[in-house]
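For reference, structure-v5.txt (compact mmCIF, C-alpha atoms):
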```txt
# COMPACT_ATOMS: atom_id res chain seq x y z
CA MET A 1 -10.93 20.88 32.11
CA SER A 2 -13.80 20.04 29.72
CA ARG A 3 -17.13 19.06 31.28
CA VAL A 4 -19.01 16.16 29.71
CA VAL A 5 -22.29 14.52 30.79
CA LEU A 6 -22.34 10.75 31.09
CA ALA A 7 -25.60 9.74 29.40
CA THR A 8 -26.54 6.57 31.29
CA ARG A 9 -28.42 5.60 34.44
CA ASN A 10 -27.17 1.98 34.43
CA PRO A 11 -25.17 1.67 37.69
CA GLY A 12 -22.85 -1.03 36.24
CA LYS A 13 -21.98 1.15 33.27
CA ILE A 14 -21.49 4.27 35.37
CA THR A 15 -18.94 2.47 37.58
CA GLU A 16 -16.99 1.13 34.61
CA LEU A 17 -17.09 4.31 32.54
CA ARG A 18 -15.92 6.52 35.40
CA ARG A 19 -13.09 4.05 36.08
CA ILE A 20 -12.05 3.70 32.41
CA LEU A 21 -12.17 7.43 31.70
CA ALA A 22 -10.43 8.36 34.98
CA GLU A 23 -7.56 6.10 33.90
CA ALA A 24 -7.43 7.19 30.25
CA ASP A 25 -8.31 10.86 30.37
CA ASP A 26 -7.27 13.44 33.00
CA LYS A 27 -8.54 16.40 30.99
CA THR A 28 -12.28 15.70 31.16
CA GLU A 29 -14.66 16.07 34.08
CA LEU A 30 -17.60 13.63 34.01
CA ILE A 31 -20.98 14.84 35.21
CA GLY A 32 -23.52 12.19 36.18
CA LEU A 33 -27.06 12.13 34.83
CA GLU A 34 -28.27 12.17 38.46
CA GLU A 35 -27.77 15.95 38.27
CA TYR A 36 -30.48 16.03 35.61
CA PRO A 37 -33.44 14.14 37.14
CA GLU A 38 -35.77 15.88 34.69
CA ILE A 39 -34.35 13.87 31.77
CA GLY A 40 -36.62 10.84 31.40
CA ASP A 41 -36.03 7.45 29.83
CA ILE A 42 -34.67 7.64 26.30
CA PRO A 43 -36.21 4.93 24.06
CA GLU A 44 -33.44 2.90 22.40
CA THR A 45 -35.08 2.39 19.04
CA GLY A 46 -31.90 1.84 17.03
CA LEU A 47 -31.01 -1.46 15.40
CA THR A 48 -27.25 -1.06 16.00
CA PHE A 49 -25.14 -0.22 19.03
CA ALA A 50 -23.85 2.93 17.32
CA GLU A 51 -27.38 4.16 16.54
CA ASN A 52 -28.49 3.68 20.14
CA ALA A 53 -25.39 5.30 21.65
CA LEU A 54 -25.92 8.31 19.36
CA ILE A 55 -29.64 8.52 20.19
CA LYS A 56 -28.80 8.70 23.92
CA ALA A 57 -25.92 11.15 23.55
CA HIS A 58 -27.93 13.45 21.25
CA ALA A 59 -30.89 13.49 23.66
CA VAL A 60 -28.69 14.35 26.65
CA ALA A 61 -26.56 16.94 24.82
CA GLN A 62 -29.74 18.66 23.67
CA ALA A 63 -31.39 18.56 27.11
CA THR A 64 -28.32 19.76 29.05
CA GLY A 65 -26.57 22.05 26.58
CA LEU A 66 -23.33 20.20 27.41
CA PRO A 67 -21.31 17.64 25.45
CA ALA A 68 -22.55 14.11 26.26
CA VAL A 69 -20.97 10.68 26.04
CA ALA A 70 -23.07 7.52 25.89
CA ASP A 71 -22.49 3.80 25.73
CA ASP A 72 -24.55 1.15 24.00
CA SER A 73 -23.26 -2.35 24.36
CA GLY A 74 -24.31 -5.95 24.41
CA LEU A 75 -23.49 -9.58 24.01
CA CYS A 76 -23.51 -11.08 20.52
CA VAL A 77 -23.82 -14.89 20.52
CA ASP A 78 -22.89 -16.50 17.21
CA ALA A 79 -25.35 -19.40 17.61
CA LEU A 80 -28.10 -16.75 17.99
CA ASN A 81 -26.99 -14.85 14.86
CA GLY A 82 -25.43 -12.14 17.02
CA MET A 83 -28.34 -11.75 19.42
CA PRO A 84 -29.15 -10.61 22.15
CA GLY A 85 -27.12 -7.73 20.62
CA VAL A 86 -28.89 -4.40 21.03
CA PHE A 87 -31.61 -6.26 22.97
CA SER A 88 -29.15 -7.50 25.64
CA ALA A 89 -30.56 -5.40 28.49
CA ARG A 90 -34.18 -6.38 27.72
CA TRP A 91 -33.70 -9.94 26.44
CA SER A 92 -36.15 -11.50 28.91
CA GLY A 93 -38.71 -8.82 28.09
CA THR A 94 -38.05 -6.66 31.18
CA HIS A 95 -35.46 -3.91 30.85
CA GLY A 96 -32.47 -4.26 33.13
CA ASP A 97 -33.24 -7.61 34.81
CA ASP A 98 -29.69 -9.02 34.56
CA LYS A 99 -30.54 -12.31 36.26
CA ALA A 100 -33.54 -13.08 34.07
CA ASN A 101 -31.66 -12.09 30.90
CA LEU A 102 -28.71 -14.34 31.74
CA ALA A 103 -30.94 -17.29 32.74
CA LEU A 104 -32.95 -17.02 29.53
CA LEU A 105 -29.84 -16.94 27.35
CA LEU A 106 -28.38 -20.01 29.07
CA ALA A 107 -31.67 -21.90 28.63
CA GLN A 108 -31.98 -20.93 24.96
CA ILE A 109 -28.54 -22.28 24.05
CA SER A 110 -28.50 -25.21 26.49
CA ASP A 111 -28.42 -27.70 23.58
CA VAL A 112 -25.68 -25.81 21.71
CA PRO A 113 -22.39 -27.75 21.94
CA GLU A 114 -19.16 -26.14 23.16
CA VAL A 115 -17.75 -25.72 19.66
CA HIS A 116 -20.63 -23.39 18.72
CA ARG A 117 -20.78 -21.26 21.90
CA SER A 118 -18.56 -18.46 20.64
CA ALA A 119 -19.65 -14.87 21.33
CA HIS A 120 -18.39 -11.33 21.63
CA PHE A 121 -19.23 -8.24 23.61
CA THR A 122 -19.49 -5.06 21.54
CA CYS A 123 -19.55 -1.50 22.85
CA ALA A 124 -20.29 1.67 20.89
CA ALA A 125 -19.09 4.84 22.63
CA ALA A 126 -20.61 8.07 21.35
CA LEU A 127 -19.74 11.71 21.90
CA VAL A 128 -22.24 14.39 20.86
CA LEU A 129 -21.83 18.17 21.21
CA PRO A 130 -24.77 20.53 21.80
CA THR A 131 -24.16 21.70 18.22
CA GLY A 132 -25.03 18.20 17.01
CA GLU A 133 -21.51 17.26 16.01
CA GLU A 134 -20.92 13.55 16.76
CA ARG A 135 -18.26 10.84 17.00
CA VAL A 136 -18.52 7.08 17.61
CA ALA A 137 -15.87 4.51 18.54
CA GLU A 138 -16.41 0.77 18.87
CA GLY A 139 -14.70 -1.91 20.93
CA VAL A 140 -15.03 -5.70 20.86
CA ILE A 141 -13.89 -8.58 23.07
CA THR A 142 -14.27 -12.17 21.83
CA GLY A 143 -14.87 -15.26 23.94
CA GLU A 144 -17.39 -18.00 24.63
CA ILE A 145 -20.49 -18.63 26.73
CA ILE A 146 -20.01 -21.08 29.60
CA ARG A 147 -22.88 -23.10 31.12
CA THR A 148 -22.69 -22.06 34.79
CA PRO A 149 -22.26 -18.45 35.98
CA ARG A 150 -18.98 -17.69 37.77
CA GLY A 151 -17.86 -14.56 39.60
CA THR A 152 -19.52 -11.58 41.24
CA GLY A 153 -17.80 -8.64 39.52
CA GLY A 154 -19.06 -6.67 36.55
CA PHE A 155 -22.74 -6.89 35.61
CA GLY A 156 -25.04 -8.21 32.90
CA TYR A 157 -23.74 -11.32 31.19
CA ASP A 158 -20.22 -11.09 32.71
CA PRO A 159 -20.61 -14.26 34.84
CA ILE A 160 -21.06 -16.47 31.72
CA PHE A 161 -18.53 -14.80 29.39
CA LEU A 162 -15.06 -16.32 29.16
CA PRO A 163 -12.74 -14.13 27.03
CA THR A 164 -10.57 -15.92 24.47
CA GLY A 165 -7.35 -17.13 26.11
CA GLU A 166 -8.65 -16.39 29.64
CA THR A 167 -9.44 -18.81 32.48
CA ARG A 168 -11.58 -16.25 34.33
CA THR A 169 -15.00 -14.92 33.32
CA THR A 170 -15.22 -11.14 33.02
CA ALA A 171 -17.08 -11.30 36.38
CA GLU A 172 -14.03 -12.99 37.95
CA MET A 173 -11.41 -10.55 36.63
CA PRO A 174 -10.19 -7.66 38.79
CA PRO A 175 -11.51 -4.33 37.44
CA ALA A 176 -8.17 -3.19 35.97
CA ALA A 177 -7.68 -6.49 34.12
CA LYS A 178 -11.23 -6.37 32.78
CA ASP A 179 -10.93 -2.75 31.62
CA ALA A 180 -7.63 -3.48 29.83
CA THR A 181 -9.29 -5.87 27.37
CA SER A 182 -13.03 -5.25 27.65
CA HIS A 183 -15.22 -3.96 24.82
CA ARG A 184 -16.06 -0.92 26.96
CA GLY A 185 -12.41 -0.22 27.79
CA ARG A 186 -11.41 -0.43 24.13
CA ALA A 187 -14.30 1.73 22.88
CA PHE A 188 -13.86 4.53 25.41
CA ARG A 189 -10.07 4.64 25.15
CA ALA A 190 -10.60 5.05 21.39
CA LEU A 191 -13.08 7.86 22.09
CA VAL A 192 -10.70 9.88 24.32
CA PRO A 193 -8.64 11.44 21.49
CA MET A 194 -11.88 12.40 19.75
CA ILE A 195 -13.08 14.11 22.94
CA HIS A 196 -9.82 16.07 23.13
CA THR A 197 -10.00 17.06 19.48
CA LEU A 198 -13.60 18.27 19.65
CA LEU A 199 -13.31 19.80 23.12
CA PRO A 200 -9.93 21.56 23.41
CA SER A 201 -9.40 22.57 27.04
CA MET B 1 -48.64 -47.25 -1.75
CA SER B 2 -45.31 -46.29 -0.10
CA ARG B 3 -45.23 -46.20 3.69
CA VAL B 4 -43.40 -43.30 5.31
CA VAL B 5 -43.02 -42.45 9.03
CA LEU B 6 -43.81 -38.89 10.08
CA ALA B 7 -40.92 -37.97 12.42
CA THR B 8 -42.58 -35.50 14.80
CA ARG B 9 -44.55 -35.56 18.05
CA ASN B 10 -45.63 -31.92 17.79
CA PRO B 11 -49.45 -32.06 17.55
CA GLY B 12 -49.67 -28.82 15.53
CA LYS B 13 -47.21 -30.10 12.96
CA ILE B 14 -48.83 -33.55 12.74
CA THR B 15 -52.20 -31.95 11.91
CA GLU B 16 -50.75 -29.69 9.22
CA LEU B 17 -48.45 -32.29 7.67
CA ARG B 18 -51.20 -34.91 7.38
CA ARG B 19 -53.47 -32.29 5.79
CA ILE B 20 -50.84 -30.97 3.36
CA LEU B 21 -49.63 -34.40 2.28
CA ALA B 22 -53.16 -35.82 2.00
CA GLU B 23 -53.90 -33.00 -0.43
CA ALA B 24 -50.64 -33.18 -2.40
CA ASP B 25 -49.80 -36.86 -2.43
CA ASP B 26 -52.23 -39.80 -2.82
CA LYS B 27 -49.45 -42.38 -3.28
CA THR B 28 -47.91 -42.25 0.22
CA GLU B 29 -49.28 -43.64 3.48
CA LEU B 30 -48.17 -41.68 6.56
CA ILE B 31 -47.44 -43.59 9.74
CA GLY B 32 -47.44 -41.63 13.00
CA LEU B 33 -44.58 -41.76 15.49
CA GLU B 34 -47.16 -42.82 18.12
CA GLU B 35 -46.71 -46.35 16.72
CA TYR B 36 -43.08 -46.19 17.92
CA PRO B 37 -43.29 -45.13 21.59
CA GLU B 38 -39.79 -46.55 22.15
CA ILE B 39 -38.23 -43.72 20.11
CA GLY B 40 -37.27 -41.03 22.64
CA ASP B 41 -36.65 -37.33 22.21
CA ILE B 42 -34.20 -36.51 19.44
CA PRO B 43 -31.91 -33.59 20.42
CA GLU B 44 -32.07 -30.84 17.78
CA THR B 45 -28.42 -29.81 17.84
CA GLY B 46 -28.30 -28.35 14.32
CA LEU B 47 -27.78 -24.68 13.61
CA THR B 48 -30.01 -24.68 10.51
CA PHE B 49 -33.54 -25.89 9.79
CA ALA B 50 -32.22 -28.36 7.20
CA GLU B 51 -29.70 -29.86 9.64
CA ASN B 52 -32.37 -30.39 12.30
CA ALA B 53 -34.91 -31.86 9.87
CA LEU B 54 -32.25 -34.30 8.62
CA ILE B 55 -31.18 -35.21 12.19
CA LYS B 56 -34.78 -36.13 13.04
CA ALA B 57 -35.49 -38.01 9.81
CA HIS B 58 -32.20 -39.98 10.01
CA ALA B 59 -32.89 -40.98 13.63
CA VAL B 60 -36.40 -42.19 12.82
CA ALA B 61 -35.45 -43.97 9.57
CA GLN B 62 -32.70 -45.80 11.41
CA ALA B 63 -34.92 -46.72 14.39
CA THR B 64 -37.87 -47.91 12.29
CA GLY B 65 -36.25 -49.31 9.15
CA LEU B 66 -38.77 -47.26 7.14
CA PRO B 67 -38.40 -44.05 5.13
CA ALA B 68 -39.00 -41.03 7.37
CA VAL B 69 -40.07 -37.44 6.71
CA ALA B 70 -39.39 -34.66 9.20
CA ASP B 71 -40.05 -30.96 9.49
CA ASP B 72 -37.96 -28.30 11.15
CA SER B 73 -39.36 -24.83 11.00
CA GLY B 74 -39.43 -21.52 12.76
CA LEU B 75 -39.99 -17.82 12.72
CA CYS B 76 -37.14 -15.56 11.56
CA VAL B 77 -37.54 -11.94 12.72
CA ASP B 78 -35.35 -9.49 10.82
CA ALA B 79 -34.92 -7.13 13.81
CA LEU B 80 -33.58 -10.15 15.76
CA ASN B 81 -31.13 -11.10 12.99
CA GLY B 82 -33.35 -13.99 11.94
CA MET B 83 -34.00 -15.35 15.44
CA PRO B 84 -35.82 -17.19 17.06
CA GLY B 85 -35.04 -19.32 13.95
CA VAL B 86 -34.09 -22.88 14.93
CA PHE B 87 -34.75 -21.91 18.55
CA SER B 88 -38.41 -20.98 17.86
CA ALA B 89 -39.91 -23.87 19.86
CA ARG B 90 -37.66 -23.24 22.88
CA TRP B 91 -37.29 -19.45 22.72
CA SER B 92 -38.51 -18.89 26.30
CA GLY B 93 -36.18 -21.64 27.53
CA THR B 94 -38.87 -24.33 27.83
CA HIS B 95 -39.42 -26.55 24.80
CA GLY B 96 -42.90 -26.33 23.29
CA ASP B 97 -44.43 -23.59 25.45
CA ASP B 98 -46.11 -21.69 22.60
CA LYS B 99 -47.67 -19.04 24.85
CA ALA B 100 -44.43 -18.20 26.67
CA ASN B 101 -42.43 -18.14 23.42
CA LEU B 102 -44.89 -15.76 21.75
CA ALA B 103 -45.12 -13.48 24.80
CA LEU B 104 -41.32 -13.26 25.09
CA LEU B 105 -40.90 -12.40 21.41
CA LEU B 106 -43.53 -9.64 21.61
CA ALA B 107 -41.83 -8.18 24.71
CA GLN B 108 -38.37 -8.29 23.15
CA ILE B 109 -39.41 -6.31 20.08
CA SER B 110 -41.95 -4.06 21.80
CA ASP B 111 -39.80 -0.98 21.04
CA VAL B 112 -39.23 -1.97 17.41
CA PRO B 113 -41.26 0.31 15.13
CA GLU B 114 -43.63 -1.06 12.46
CA VAL B 115 -41.21 -0.45 9.60
CA HIS B 116 -38.69 -2.89 11.15
CA ARG B 117 -41.10 -5.70 12.16
CA SER B 118 -40.66 -7.81 9.03
CA ALA B 119 -40.22 -11.55 9.45
CA HIS B 120 -40.60 -14.85 7.65
CA PHE B 121 -41.47 -18.41 8.53
CA THR B 122 -39.10 -21.04 7.10
CA CYS B 123 -39.70 -24.78 6.90
CA ALA B 124 -37.20 -27.47 5.95
CA ALA B 125 -38.83 -30.76 4.95
CA ALA B 126 -36.53 -33.78 4.95
CA LEU B 127 -36.90 -37.31 3.57
CA VAL B 128 -34.43 -39.98 4.67
CA LEU B 129 -34.40 -43.64 3.59
CA PRO B 130 -33.18 -46.47 5.85
CA THR B 131 -30.18 -46.67 3.47
CA GLY B 132 -29.22 -43.13 4.56
CA GLU B 133 -30.16 -41.49 1.26
CA GLU B 134 -31.62 -38.03 1.94
CA ARG B 135 -33.46 -35.10 0.37
CA VAL B 136 -34.41 -31.65 1.73
CA ALA B 137 -36.86 -29.03 0.43
CA GLU B 138 -37.41 -25.59 1.93
CA GLY B 139 -40.39 -23.26 1.96
CA VAL B 140 -40.71 -19.64 3.08
CA ILE B 141 -43.58 -17.20 3.74
CA THR B 142 -42.84 -13.54 4.37
CA GLY B 143 -44.81 -11.13 6.54
CA GLU B 144 -44.61 -9.00 9.65
CA ILE B 145 -45.05 -9.32 13.42
CA ILE B 146 -48.11 -7.57 14.83
CA ARG B 147 -48.35 -6.38 18.45
CA THR B 148 -51.49 -8.19 19.66
CA PRO B 149 -52.22 -11.89 18.96
CA ARG B 150 -55.22 -12.58 16.71
CA GLY B 151 -56.90 -15.86 15.81
CA THR B 152 -57.13 -19.35 17.26
CA GLY B 153 -56.01 -21.54 14.36
CA GLY B 154 -52.56 -22.92 13.69
CA PHE B 155 -50.02 -23.00 16.53
CA GLY B 156 -46.76 -21.43 17.65
CA TYR B 157 -46.35 -17.84 16.48
CA ASP B 158 -49.31 -17.93 14.04
CA PRO B 159 -51.42 -15.42 16.06
CA ILE B 160 -48.81 -12.65 15.59
CA PHE B 161 -47.75 -13.36 11.98
CA LEU B 162 -49.41 -11.34 9.23
CA PRO B 163 -48.37 -12.63 5.78
CA THR B 164 -47.42 -10.00 3.18
CA GLY B 165 -50.55 -8.78 1.38
CA GLU B 166 -52.90 -10.49 3.87
CA THR B 167 -55.33 -8.94 6.36
CA ARG B 168 -55.55 -12.13 8.44
CA THR B 169 -52.86 -13.64 10.66
CA THR B 170 -51.96 -17.25 9.86
CA ALA B 171 -54.01 -18.14 12.97
CA GLU B 172 -57.08 -16.46 11.41
CA MET B 173 -56.82 -18.13 7.98
CA PRO B 174 -58.87 -21.24 7.20
CA PRO B 175 -56.60 -24.33 6.98
CA ALA B 176 -56.73 -24.62 3.17
CA ALA B 177 -55.84 -20.94 2.71
CA LYS B 178 -52.98 -21.24 5.18
CA ASP B 179 -51.59 -24.40 3.55
CA ALA B 180 -51.71 -22.84 0.08
CA THR B 181 -49.12 -20.20 1.00
CA SER B 182 -47.48 -21.37 4.24
CA HIS B 183 -43.81 -22.27 4.59
CA ARG B 184 -44.85 -25.80 5.55
CA GLY B 185 -47.20 -26.17 2.57
CA ARG B 186 -44.53 -24.96 0.16
CA ALA B 187 -41.77 -27.15 1.61
CA PHE B 188 -43.78 -30.38 1.70
CA ARG B 189 -45.34 -29.88 -1.74
CA ALA B 190 -41.76 -29.49 -3.03
CA LEU B 191 -40.78 -32.70 -1.22
CA VAL B 192 -43.56 -34.82 -2.79
CA PRO B 193 -41.86 -35.39 -6.18
CA MET B 194 -38.66 -36.35 -4.33
CA ILE B 195 -40.63 -38.92 -2.31
CA HIS B 196 -42.08 -40.38 -5.53
CA THR B 197 -38.67 -40.53 -7.20
CA LEU B 198 -36.92 -42.21 -4.27
CA LEU B 199 -39.88 -44.47 -3.36
CA PRO B 200 -41.48 -45.75 -6.57
CA SER B 201 -44.72 -47.48 -5.65
```

Go ahead and render the structure in this file as structure tokens.
Amino acid sequence: MSRVVLATRNPGKITELRRILAEADDKTELIGLEEYPEIGDIPETGLTFAENALIKAHAVAQATGLPAVADDSGLCVDALNGMPGVFSARWSGTHGDDKANLALLLAQISDVPEVHRSAHFTCAAALVLPTGEERVAEGVITGEIIRTPRGTGGFGYDPIFLPTGETRTTAEMPPAAKDATSHRGRAFRALVPMIHTLLPS
Amino acid sequence: MSRVVLATRNPGKITELRRILAEADDKTELIGLEEYPEIGDIPETGLTFAENALIKAHAVAQATGLPAVADDSGLCVDALNGMPGVFSARWSGTHGDDKANLALLLAQISDVPEVHRSAHFTCAAALVLPTGEERVAEGVITGEIIRTPRGTGGFGYDPIFLPTGETRTTAEMPPAAKDATSHRGRAFRALVPMIHTLLPS
């Protein structure tokens, strides 16, 4: 069994990543960052999801001496040229205020007609070894932004994201259904074979 | 003397447009929209500056039976993929709240290092005749976003915009110096010959 540190303190991401990896990978043991309280906030200064995921995984692999996996993900709204993008978690100016971020986004595009409300979630999943060796996998789910939040599952912008061909927002889907098509599910399932290649048990 | 209606109720834009056109064009008389209180808000549903400027000028030309000129302009921040862009005046979710828009933008890019804080202002200037004939000219000024507002002139994002090669923000520049290089000055000076061609005195 390989041991890997999960390089995030976002409770929504921790829940989903543990669930996705438990389903996709029975050869890797995930260690939470709560075991390393001495690791402080890691500034996400990258301009792409992959850059930020790598920044976080490198910092944690270096601090712990263990392989680290990290996620950077966000909502890309076409009418906003792909924003909030890497700024998704701090869109309203305060990091991690899901409600304020979602309310601001809805207000910004309130005049945008249905035909232009397309969007996608992107996730970059990174694996970094203490040696510095690195891998990144990306996953995407397309959909559109609705006008009124629906559902209590998930986190972030889930209540206003309706995947293409779905009648439920990602906050209304049961966890297994969400993971099967979500950006995070796709990215981390693509990362699993890379984990096994770099970390033979 | 041709008579043309200025299709905006934004006080900052009215001041600048009257100044720029008074300097560049002595053959056109500008009529303010305050003479047409019956014309309500015109929804800016376009996804580009040119679309929105044309929407406003068409609405006012149709309502007044006179040629109309309109401006749509905004700040395009490279780290935000060109946003706030056409959403500049409603970035914080409330239309026209300059202070809230500027504060939100600064907070969103607070982690973005100096080397990635480049931006430009764009202005689309539109002329539309009551017959529906239309022209558009665009102007751009490049620069960067500073971290602390400076200056009391101009409006909107001027206090945080430092033009390339300048030591003053556009809010610190005297009006004539600002107009000489601003996106709005460039766009409307380019529109003047089109006005004269379409509206021979």

Take the point (-27.1, 6.7, 36.1) as written in the file and pick out every residue within 12 Å of it, counting all atoms listed in the file; give the list as a ChimeraX atom specification. /A:5-18,30-37,39-41,70-71

With a distance cut-off of 12 Å and only C-alpha atoms, select the neighbouring residues of A:Val115, excluding the residue or stretch itself and same-chain residues fewer than 5 positions from it, and output the selection as a ChimeraX atom specification. /A:78-79,143-146 /B:45,47

Those same residues, written as a PDB file, keeping the file's coordinate frame with C-alpha atoms?
```pdb
ATOM      1  CA  ASP A  78     -22.890 -16.500  17.210  1.00  0.00           C
ATOM      2  CA  ALA A  79     -25.350 -19.400  17.610  1.00  0.00           C
ATOM      3  CA  GLY A 143     -14.870 -15.260  23.940  1.00  0.00           C
ATOM      4  CA  GLU A 144     -17.390 -18.000  24.630  1.00  0.00           C
ATOM      5  CA  ILE A 145     -20.490 -18.630  26.730  1.00  0.00           C
ATOM      6  CA  ILE A 146     -20.010 -21.080  29.600  1.00  0.00           C
TER       7      ILE A 146
ATOM      8  CA  THR B  45     -28.420 -29.810  17.840  1.00  0.00           C
ATOM      9  CA  LEU B  47     -27.780 -24.680  13.610  1.00  0.00           C
TER      10      LEU B  47
END
```

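When all atoms listed in the file are used to measure the gap to B:Leu191, the shortest distance among B:Ile109, B:Leu21, B:Val60, B:Leu129 belongs to B:Leu21.
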
Using all atoms listed in the file and a distance of at most 9 Å, pull out the residues of chain A that contact chain B, as a ChimeraX atom specification. /A:43-47,79-85,87,90-94,103-113,116

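Separating atom CA of A:Leu127 from atom CA of A:Thr181 is a distance of 21.2 Å.
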
Quick one: distance from atom CA of B:Glu29 to atom CA of B:Gly74 in Å, one decimal? 25.9 Å

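For the choices B:Leu102, B:Ala57, B:Ala190, B:Ala180, the atom-to-atom distance to B:Asp72 is smallest for B:Ala57 when using only C-alpha atoms.
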
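The coordinates place atom CA of A:His58 at 21.7 Å from atom CA of A:Gly185.
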
Do a neighbour search on B:Val192 at 12 Å with all atoms listed in the file, toss out local chain neighbours closer than 6 positions, and write the hits as number ranges by chain. B: 2, 4, 17, 20-28, 69, 125-127, 135-137, 185-186, 198-200

Within 8 Å of A:Thr142 using all atoms listed in the file, minus same-chain residues under 4 positions, as a list in words: Ser118, Ala119, His120, Phe121, Pro163 and Thr164 of chain A

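Once A:Ala59 and its same-chain neighbours fewer than 2 positions away are set aside, Ala7, Ile39, Ile42, Leu54, Ile55, Lys56, Ala57, Ala61, Gln62, Ala63, Thr64 and Ala68 of chain A remain within 9 Å of it when counting all atoms listed in the file.
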
Within 12 Å of B:Arg168 using all atoms listed in the file, minus same-chain residues under 5 positions, as an mmCIF file with C-alpha atoms, keeping the file's coordinate frame:
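Output below, filename part.cif:
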```
data_model
loop_
_atom_site.group_PDB
_atom_site.id
_atom_site.type_symbol
_atom_site.label_atom_id
_atom_site.label_comp_id
_atom_site.auth_asym_id
_atom_site.auth_seq_id
_atom_site.Cartn_x
_atom_site.Cartn_y
_atom_site.Cartn_z
ATOM 1 C CA GLY B 143 -44.810 -11.130 6.540
ATOM 2 C CA GLU B 144 -44.610 -9.000 9.650
ATOM 3 C CA ILE B 145 -45.050 -9.320 13.420
ATOM 4 C CA ILE B 146 -48.110 -7.570 14.830
ATOM 5 C CA PRO B 149 -52.220 -11.890 18.960
ATOM 6 C CA ARG B 150 -55.220 -12.580 16.710
ATOM 7 C CA GLY B 151 -56.900 -15.860 15.810
ATOM 8 C CA THR B 152 -57.130 -19.350 17.260
ATOM 9 C CA GLY B 153 -56.010 -21.540 14.360
ATOM 10 C CA ASP B 158 -49.310 -17.930 14.040
ATOM 11 C CA PRO B 159 -51.420 -15.420 16.060
ATOM 12 C CA ILE B 160 -48.810 -12.650 15.590
ATOM 13 C CA PHE B 161 -47.750 -13.360 11.980
ATOM 14 C CA LEU B 162 -49.410 -11.340 9.230
ATOM 15 C CA PRO B 163 -48.370 -12.630 5.780
ATOM 16 C CA MET B 173 -56.820 -18.130 7.980
ATOM 17 C CA PRO B 174 -58.870 -21.240 7.200
ATOM 18 C CA ALA B 177 -55.840 -20.940 2.710
ATOM 19 C CA LYS B 178 -52.980 -21.240 5.180
#
```
